[in-house]
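Quick look at protein.cif (mmCIF, C-alpha atoms):
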data_target
#
loop_
_atom_site.label_atom_id
_atom_site.label_comp_id
_atom_site.auth_asym_id
_atom_site.auth_seq_id
_atom_site.Cartn_x
_atom_site.Cartn_y
_atom_site.Cartn_z
CA MET A 1 -28.26 -4.19 26.82
CA HIS A 2 -30.54 -6.01 29.26
CA PHE A 3 -30.08 -9.73 29.96
CA THR A 4 -33.39 -11.50 30.56
CA ALA A 5 -32.47 -15.20 30.93
CA GLU A 6 -29.42 -17.45 31.24
CA THR A 7 -28.81 -21.17 30.81
CA SER A 8 -25.66 -23.29 30.59
CA SER A 9 -25.00 -26.69 29.00
CA ASN A 10 -22.16 -28.58 27.33
CA GLY A 11 -19.66 -25.83 28.00
CA VAL A 12 -21.80 -23.04 26.52
CA VAL A 13 -23.52 -20.22 28.41
CA GLU A 14 -26.59 -18.90 26.59
CA ARG A 15 -28.01 -15.51 27.56
CA ASP A 16 -31.11 -13.84 26.17
CA PHE A 17 -30.88 -10.07 25.85
CA THR A 18 -32.57 -7.04 24.42
CA VAL A 19 -31.01 -3.91 22.96
CA GLY A 20 -33.82 -1.42 22.82
CA GLU A 21 -36.71 -3.36 21.32
CA VAL A 22 -34.48 -5.88 19.53
CA PRO A 23 -34.24 -9.38 21.10
CA GLY A 24 -31.07 -11.41 20.80
CA VAL A 25 -28.98 -14.25 22.17
CA LEU A 26 -25.35 -14.28 23.28
CA TRP A 27 -23.47 -17.58 23.47
CA SER A 28 -20.19 -17.65 25.41
CA PRO A 29 -17.70 -20.20 26.76
CA ALA A 30 -18.76 -21.51 30.18
CA SER A 31 -15.18 -21.17 31.35
CA GLY A 32 -12.66 -18.89 29.76
CA SER A 33 -9.72 -16.72 30.58
CA GLY A 34 -9.31 -13.28 29.10
CA ARG A 35 -11.13 -11.76 26.16
CA ALA A 36 -12.18 -13.68 23.07
CA PRO A 37 -13.29 -12.76 19.52
CA LEU A 38 -16.94 -12.20 18.67
CA VAL A 39 -18.94 -13.59 15.73
CA LEU A 40 -22.20 -11.94 14.69
CA MET A 41 -24.69 -14.36 13.12
CA ALA A 42 -27.69 -13.36 10.99
CA HIS A 43 -30.44 -15.88 10.25
CA SER A 44 -32.09 -16.56 6.90
CA GLY A 45 -35.51 -15.39 5.73
CA GLY A 46 -38.47 -16.72 7.68
CA GLN A 47 -36.20 -17.94 10.49
CA HIS A 48 -35.10 -16.49 13.82
CA LYS A 49 -32.15 -16.06 16.18
CA ARG A 50 -32.41 -19.66 17.47
CA ALA A 51 -32.96 -21.40 14.14
CA PRO A 52 -31.28 -24.85 14.11
CA GLY A 53 -28.49 -23.75 11.76
CA ILE A 54 -27.71 -20.68 13.86
CA LEU A 55 -27.74 -22.69 17.08
CA ALA A 56 -25.48 -25.43 15.73
CA ARG A 57 -22.93 -23.00 14.35
CA ALA A 58 -22.98 -20.86 17.47
CA HIS A 59 -22.20 -23.85 19.69
CA ARG A 60 -19.46 -24.94 17.30
CA PHE A 61 -17.81 -21.51 17.30
CA VAL A 62 -17.96 -21.37 21.10
CA THR A 63 -16.75 -24.90 21.85
CA GLY A 64 -14.35 -25.20 18.92
CA CYS A 65 -12.76 -21.74 19.05
CA GLY A 66 -13.68 -20.24 22.43
CA PHE A 67 -15.48 -17.37 20.66
CA HIS A 68 -18.54 -15.40 21.72
CA VAL A 69 -21.48 -15.45 19.29
CA ALA A 70 -24.37 -12.98 19.09
CA ALA A 71 -27.58 -13.28 17.05
CA ILE A 72 -30.63 -11.04 16.85
CA ASP A 73 -34.05 -11.38 15.24
CA ALA A 74 -34.31 -9.51 11.95
CA PRO A 75 -37.18 -7.02 11.60
CA GLY A 76 -40.50 -8.87 11.41
CA HIS A 77 -38.91 -12.20 12.38
CA GLY A 78 -38.80 -14.36 15.48
CA ASP A 79 -40.08 -12.52 18.54
CA ARG A 80 -40.55 -9.26 16.64
CA PRO A 81 -44.02 -8.28 15.41
CA ARG A 82 -44.59 -7.68 11.72
CA THR A 83 -45.55 -4.23 10.51
CA ALA A 84 -48.06 -3.59 7.75
CA ALA A 85 -45.12 -2.96 5.41
CA ASP A 86 -43.58 -6.30 6.43
CA GLU A 87 -46.82 -8.08 5.56
CA GLN A 88 -47.02 -6.31 2.20
CA HIS A 89 -43.48 -7.35 1.20
CA ILE A 90 -44.20 -10.96 2.18
CA ALA A 91 -47.49 -10.98 0.29
CA VAL A 92 -45.79 -9.80 -2.91
CA LEU A 93 -43.15 -12.52 -2.55
CA GLN A 94 -45.74 -15.23 -1.93
CA GLN A 95 -47.80 -14.13 -4.92
CA ALA A 96 -44.77 -14.33 -7.19
CA GLN A 97 -43.87 -17.78 -5.86
CA ALA A 98 -47.43 -19.02 -6.38
CA ALA A 99 -47.38 -17.76 -9.96
CA ALA A 100 -43.93 -19.29 -10.58
CA GLU A 101 -42.58 -15.85 -11.48
CA PRO A 102 -38.93 -14.79 -11.02
CA ILE A 103 -38.41 -13.75 -7.40
CA GLY A 104 -34.82 -12.48 -7.54
CA PRO A 105 -35.77 -8.80 -7.91
CA ILE A 106 -38.47 -9.16 -5.23
CA ILE A 107 -36.06 -10.75 -2.74
CA ALA A 108 -33.52 -8.02 -3.50
CA GLY A 109 -36.10 -5.37 -2.71
CA LEU A 110 -37.13 -7.16 0.48
CA HIS A 111 -33.53 -7.41 1.65
CA THR A 112 -32.90 -3.73 0.93
CA TYR A 113 -35.97 -2.88 2.99
CA LEU A 114 -34.83 -5.11 5.87
CA ALA A 115 -31.22 -3.89 5.76
CA GLU A 116 -32.28 -0.27 6.18
CA ARG A 117 -33.60 -1.21 9.62
CA ALA A 118 -31.32 -4.11 10.51
CA VAL A 119 -27.92 -2.50 9.85
CA PRO A 120 -28.29 0.18 12.57
CA GLU A 121 -29.77 -2.46 14.89
CA TRP A 122 -26.71 -4.66 14.39
CA GLN A 123 -24.42 -1.71 15.03
CA ALA A 124 -26.25 -0.88 18.27
CA THR A 125 -26.01 -4.54 19.30
CA LEU A 126 -22.30 -4.59 18.57
CA ASP A 127 -21.83 -1.41 20.62
CA ALA A 128 -23.63 -3.03 23.56
CA VAL A 129 -21.90 -6.41 23.37
CA GLN A 130 -18.46 -4.81 23.17
CA GLU A 131 -19.12 -3.10 26.49
CA LEU A 132 -18.96 -6.50 28.18
CA PRO A 133 -15.59 -7.10 29.87
CA ALA A 134 -15.20 -10.57 28.31
CA ILE A 135 -15.41 -9.08 24.79
CA GLY A 136 -14.25 -5.47 24.86
CA ALA A 137 -14.14 -2.78 22.21
CA GLU A 138 -10.77 -3.78 20.73
CA GLY A 139 -11.46 -7.46 20.07
CA PRO A 140 -11.83 -8.88 16.54
CA VAL A 141 -15.33 -9.33 15.11
CA GLY A 142 -16.54 -11.72 12.43
CA PHE A 143 -19.87 -11.95 10.59
CA TRP A 144 -21.69 -15.07 9.40
CA GLY A 145 -24.88 -14.92 7.38
CA ILE A 146 -26.13 -16.63 4.22
CA MET A 147 -29.29 -16.07 2.15
CA GLN A 148 -31.13 -13.21 3.92
CA GLY A 149 -28.17 -13.02 6.28
CA THR A 150 -26.07 -12.00 3.28
CA GLY A 151 -28.68 -9.46 2.19
CA ILE A 152 -28.27 -7.77 5.56
CA GLY A 153 -24.64 -8.67 6.23
CA VAL A 154 -23.10 -7.24 3.05
CA PRO A 155 -24.38 -3.68 3.61
CA LEU A 156 -23.51 -4.01 7.30
CA THR A 157 -19.94 -5.14 6.63
CA ALA A 158 -19.52 -2.41 4.01
CA VAL A 159 -20.09 0.32 6.62
CA GLU A 160 -18.85 -1.38 9.80
CA PRO A 161 -15.04 -1.21 10.16
CA ARG A 162 -15.08 -3.42 13.26
CA ILE A 163 -15.91 -6.51 11.18
CA SER A 164 -12.63 -8.12 10.08
CA ALA A 165 -13.82 -11.33 8.34
CA ALA A 166 -17.13 -12.59 6.96
CA VAL A 167 -18.91 -15.65 5.58
CA PHE A 168 -21.66 -14.93 3.03
CA GLY A 169 -23.47 -16.89 0.34
CA CYS A 170 -26.56 -18.32 -1.34
CA LEU A 171 -27.57 -14.94 -2.73
CA GLY A 172 -27.10 -12.97 -5.94
CA HIS A 173 -25.63 -9.60 -6.78
CA GLU A 174 -28.94 -7.73 -7.23
CA SER A 175 -28.82 -4.59 -5.04
CA LEU A 176 -25.56 -5.70 -3.36
CA THR A 177 -22.85 -4.96 -5.94
CA GLU A 178 -22.12 -1.43 -4.72
CA ALA A 179 -21.84 -2.51 -1.07
CA ALA A 180 -19.74 -5.57 -1.94
CA ALA A 181 -17.28 -3.35 -3.80
CA GLN A 182 -16.61 -1.53 -0.51
CA ILE A 183 -15.68 -4.71 1.37
CA THR A 184 -11.98 -5.57 1.61
CA VAL A 185 -11.89 -7.99 4.56
CA PRO A 186 -11.36 -11.74 3.99
CA ILE A 187 -14.49 -13.44 2.62
CA GLU A 188 -15.66 -17.03 2.40
CA PHE A 189 -18.58 -17.30 -0.03
CA LEU A 190 -20.96 -20.26 -0.39
CA LEU A 191 -22.65 -21.02 -3.70
CA GLN A 192 -25.18 -23.80 -4.29
CA TRP A 193 -24.56 -24.86 -7.89
CA ASP A 194 -28.14 -26.07 -8.44
CA ASP A 195 -29.85 -23.28 -6.50
CA GLU A 196 -33.45 -23.02 -7.66
CA LEU A 197 -33.92 -19.54 -6.13
CA VAL A 198 -30.61 -17.81 -6.87
CA ASP A 199 -29.28 -17.71 -10.42
CA ARG A 200 -25.77 -19.18 -10.52
CA ARG A 201 -24.44 -16.31 -12.62
CA SER A 202 -25.83 -13.80 -10.15
CA GLY A 203 -24.12 -15.55 -7.24
CA LEU A 204 -20.83 -15.61 -9.12
CA ALA A 205 -21.24 -11.92 -9.93
CA LEU A 206 -21.67 -11.10 -6.25
CA PHE A 207 -18.53 -13.06 -5.37
CA ASP A 208 -16.65 -11.21 -8.10
CA ALA A 209 -17.89 -7.84 -6.80
CA PHE A 210 -16.16 -8.12 -3.41
CA ALA A 211 -13.01 -6.01 -3.33
CA SER A 212 -11.34 -8.37 -0.85
CA LYS A 213 -7.84 -9.49 -1.81
CA GLU A 214 -8.50 -12.71 0.10
CA LYS A 215 -11.78 -14.33 -0.86
CA THR A 216 -12.68 -17.98 -1.35
CA LEU A 217 -15.58 -19.46 -3.30
CA HIS A 218 -17.12 -22.73 -2.07
CA ALA A 219 -19.39 -24.12 -4.79
CA ASN A 220 -21.35 -27.22 -3.78
CA ALA A 221 -23.86 -29.32 -5.67
CA GLY A 222 -27.43 -29.08 -4.45
CA GLY A 223 -30.36 -26.72 -4.09
CA HIS A 224 -30.87 -23.54 -2.10
CA GLY A 225 -31.40 -25.22 1.25
CA GLU A 226 -28.84 -28.01 0.81
CA VAL A 227 -25.65 -26.37 2.07
CA PRO A 228 -23.41 -29.29 3.18
CA ARG A 229 -22.83 -29.72 6.89
CA PHE A 230 -19.08 -29.71 6.38
CA GLU A 231 -19.31 -26.00 5.60
CA VAL A 232 -19.75 -25.51 9.37
CA ASP A 233 -16.26 -26.96 9.83
CA SER A 234 -14.92 -24.70 7.10
CA ALA A 235 -16.46 -21.58 8.65
CA THR A 236 -15.01 -22.57 12.03
CA ARG A 237 -11.52 -22.85 10.53
CA PHE A 238 -12.01 -19.60 8.60
CA PHE A 239 -12.90 -17.59 11.70
CA ALA A 240 -10.25 -19.29 13.84
CA ARG A 241 -7.65 -18.36 11.24
CA HIS A 242 -8.67 -14.75 10.69
CA LEU A 243 -10.05 -13.63 14.05
CA ASP A 244 -7.26 -15.19 16.07
CA ARG A 245 -4.77 -13.55 13.72
CA VAL A 246 -6.39 -10.13 14.27
CA GLY A 247 -6.54 -10.69 18.02
CA ALA A 248 -2.88 -11.65 18.16
CA SER A 249 -1.79 -8.64 16.11
CA SER A 250 -3.73 -6.22 18.32
CA ALA A 251 -2.61 -7.72 21.61
#
Entire entry expressed as structure tokens:
Amino acid sequence: MHFTAETSSNGVVERDFTVGEVPGVLWSPASGSGRAPLVLMAHSGGQHKRAPGILARAHRFVTGCGFHVAAIDAPGHGDRPRTAADEQHIAVLQQAQAAAEPIGPIIAGLHTYLAERAVPEWQATLDAVQELPAIGAEGPVGFWGIMQGTGIGVPLTAVEPRISAAVFGCLGHESLTEAAAQITVPIEFLLQWDDELVDRRSGLALFDAFASKEKTLHANAGGHGEVPRFEVDSATRFFARHLDRVGASSA
């Protein structure tokens, strides 16, 4: 991990970093004592590590809970160049959208393609971040990611035992059922009832597929991009409840 820039404002220290060729951001409390839990945040499709929703939630988790938050650019997003294969996947998606064809299977294929690269990148990032004294290898880890973040986060959480709680949502079960069935940590799942891109039944099927004994479904009216702002408060309470509990039990 190499830190390349650092700023501080409103009680939050923001540090740019790279792990190999992958760029990321780490947000931390400006003043803190001892180690604190870590939340990994994955952005949605077409966005980047500093997208407004990521930035707002990161600051909330830091200032509201005293957590550290890490985000990286997904393959072909943000500061990462697109490969020819990236461009081909995007072209197929755009053609289907222009023709008003179903895009669920295409998005599922795109997410599978991205996850194959992003999951090991996230694991390498977690390895690097946990080497920092303020975080450590034994601290609890959460994951937040909806839409494309779920497409990457579900297969990541399925194979990463260090993640002890996760927020997913706004995505269907296509290509994710098998991975979801391997996840047993507490889950909070967001579903937009009037989602024009994700079939409601598919979203419900994904929620049902998680093997977690503790999982909560938040179904809100509105389209794909209309997740209510109060869900930020809910995610903050969710992580405070589960990550603090894990931290206390391991102390």
Matched chain/residue IDs from the PyMOL selection byres ((chain A and resi 71) around 9), as a short mmCIF file (atom, residue, chain, number, x, y, z; two decimals) with C-alpha atoms, in the frame of the given file:
data_model
loop_
_atom_site.label_atom_id
_atom_site.label_comp_id
_atom_site.auth_asym_id
_atom_site.auth_seq_id
_atom_site.Cartn_x
_atom_site.Cartn_y
_atom_site.Cartn_z
CA PRO A 23 -34.24 -9.38 21.10
CA GLY A 24 -31.07 -11.41 20.80
CA VAL A 25 -28.98 -14.25 22.17
CA LEU A 26 -25.35 -14.28 23.28
CA TRP A 27 -23.47 -17.58 23.47
CA VAL A 39 -18.94 -13.59 15.73
CA LEU A 40 -22.20 -11.94 14.69
CA MET A 41 -24.69 -14.36 13.12
CA ALA A 42 -27.69 -13.36 10.99
CA HIS A 43 -30.44 -15.88 10.25
CA HIS A 48 -35.10 -16.49 13.82
CA LYS A 49 -32.15 -16.06 16.18
CA ARG A 50 -32.41 -19.66 17.47
CA ILE A 54 -27.71 -20.68 13.86
CA ALA A 58 -22.98 -20.86 17.47
CA VAL A 69 -21.48 -15.45 19.29
CA ALA A 70 -24.37 -12.98 19.09
CA ILE A 72 -30.63 -11.04 16.85
CA ASP A 73 -34.05 -11.38 15.24
#
Cut-off 12 Å: closest range 188-217 of chain A/range 222-230 of chain A atom pairs per residue, using all atoms listed in the file, as a Markdown table:
| residue | atom | partner | partner_atom | distance |
| --- | --- | --- | --- | --- |
| A:Phe189 | CA | A:Val227 | CA | 11.7 |
| A:Leu190 | CA | A:Val227 | CA | 8.1 |
| A:Leu191 | CA | A:Val227 | CA | 8.4 |
| A:Gln192 | CA | A:Gly222 | CA | 5.7 |
| A:Trp193 | CA | A:Gly222 | CA | 6.2 |
| A:Asp194 | CA | A:Gly223 | CA | 4.9 |
| A:Asp195 | CA | A:Gly223 | CA | 4.2 |
| A:Glu196 | CA | A:Gly223 | CA | 6.0 |
| A:Leu197 | CA | A:His224 | CA | 6.4 |
| A:Val198 | CA | A:His224 | CA | 7.5 |
| A:Asp199 | CA | A:His224 | CA | 10.3 |
| A:Arg200 | CA | A:His224 | CA | 10.8 |
| A:Gly203 | CA | A:His224 | CA | 11.7 |
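Once the PyMOL selection byres ((chain A and resi 188) around 10) is applied to the depicted file, the selected set reads Trp144, Ala165, Ala166, Val167, Phe168, Gly169, Pro186, Ile187, Phe189, Leu190, Phe207, Glu214, Lys215, Thr216, Leu217, His218, Ser234, Ala235, Phe238 and Phe239 of chain A.
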To one decimal place, how far is CA of Gln97 in chain A from CA of Gly45 in chain A in Å? 14.5 Å
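Here CA of Ile106 in chain A is placed at a distance of 22.4 Å from CA of Thr157 in chain A.
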Report as an MDAnalysis selection string the full result of the PyMOL selection byres ((chain A and resi 92) around 12) when it is applied to this structure. chainID A and resid 85:91 93:99 101:103 105:107 109:110
Using only C-alpha atoms, what table do you get, as JSON lines, when you list each residue of range 98-176 of chain A with an atom no more than 12 Å from range 2-5 of chain A, its nearest pair of atoms, and their distance in Å rounded to one decimal, rows by chain then rising number?
{"residue": "A:Thr125", "atom": "CA", "partner": "A:His2", "partner_atom": "CA", "distance": 11.0}
{"residue": "A:Ala128", "atom": "CA", "partner": "A:His2", "partner_atom": "CA", "distance": 9.4}
{"residue": "A:Val129", "atom": "CA", "partner": "A:His2", "partner_atom": "CA", "distance": 10.5}
{"residue": "A:Leu132", "atom": "CA", "partner": "A:His2", "partner_atom": "CA", "distance": 11.6}
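In terms of minimum interatomic distance to Ala36 in chain A, A:Pro133 ranks closest within A:Gly153, A:Gly53, A:Pro133, A:Gly76, counting all atoms listed in the file.
In this structure, CA of Pro29 in chain A sits 9.5 Å away from CA of Asn10 in chain A.
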So that I can check the surroundings of range 59-62 of chain A, please list as a ChimeraX atom specification every protein, DNA and RNA residue that reaches within 10 Å of it, counting all atoms listed in the file and ignoring chain neighbours fewer than 2 positions away. /A:10-14,27-30,36-39,54-57,64-69,232-233,235-237,239-240
Find the spatial neighbours of Pro120 in chain A, counting all atoms listed in the file, within a cut-off of 12 Å - ignore same-chain residues fewer than 4 positions away - and output them as a PyMOL selection string. chain A and resi 19-20+22+74-75+114-116+124-127+152-153+155-157+159-160
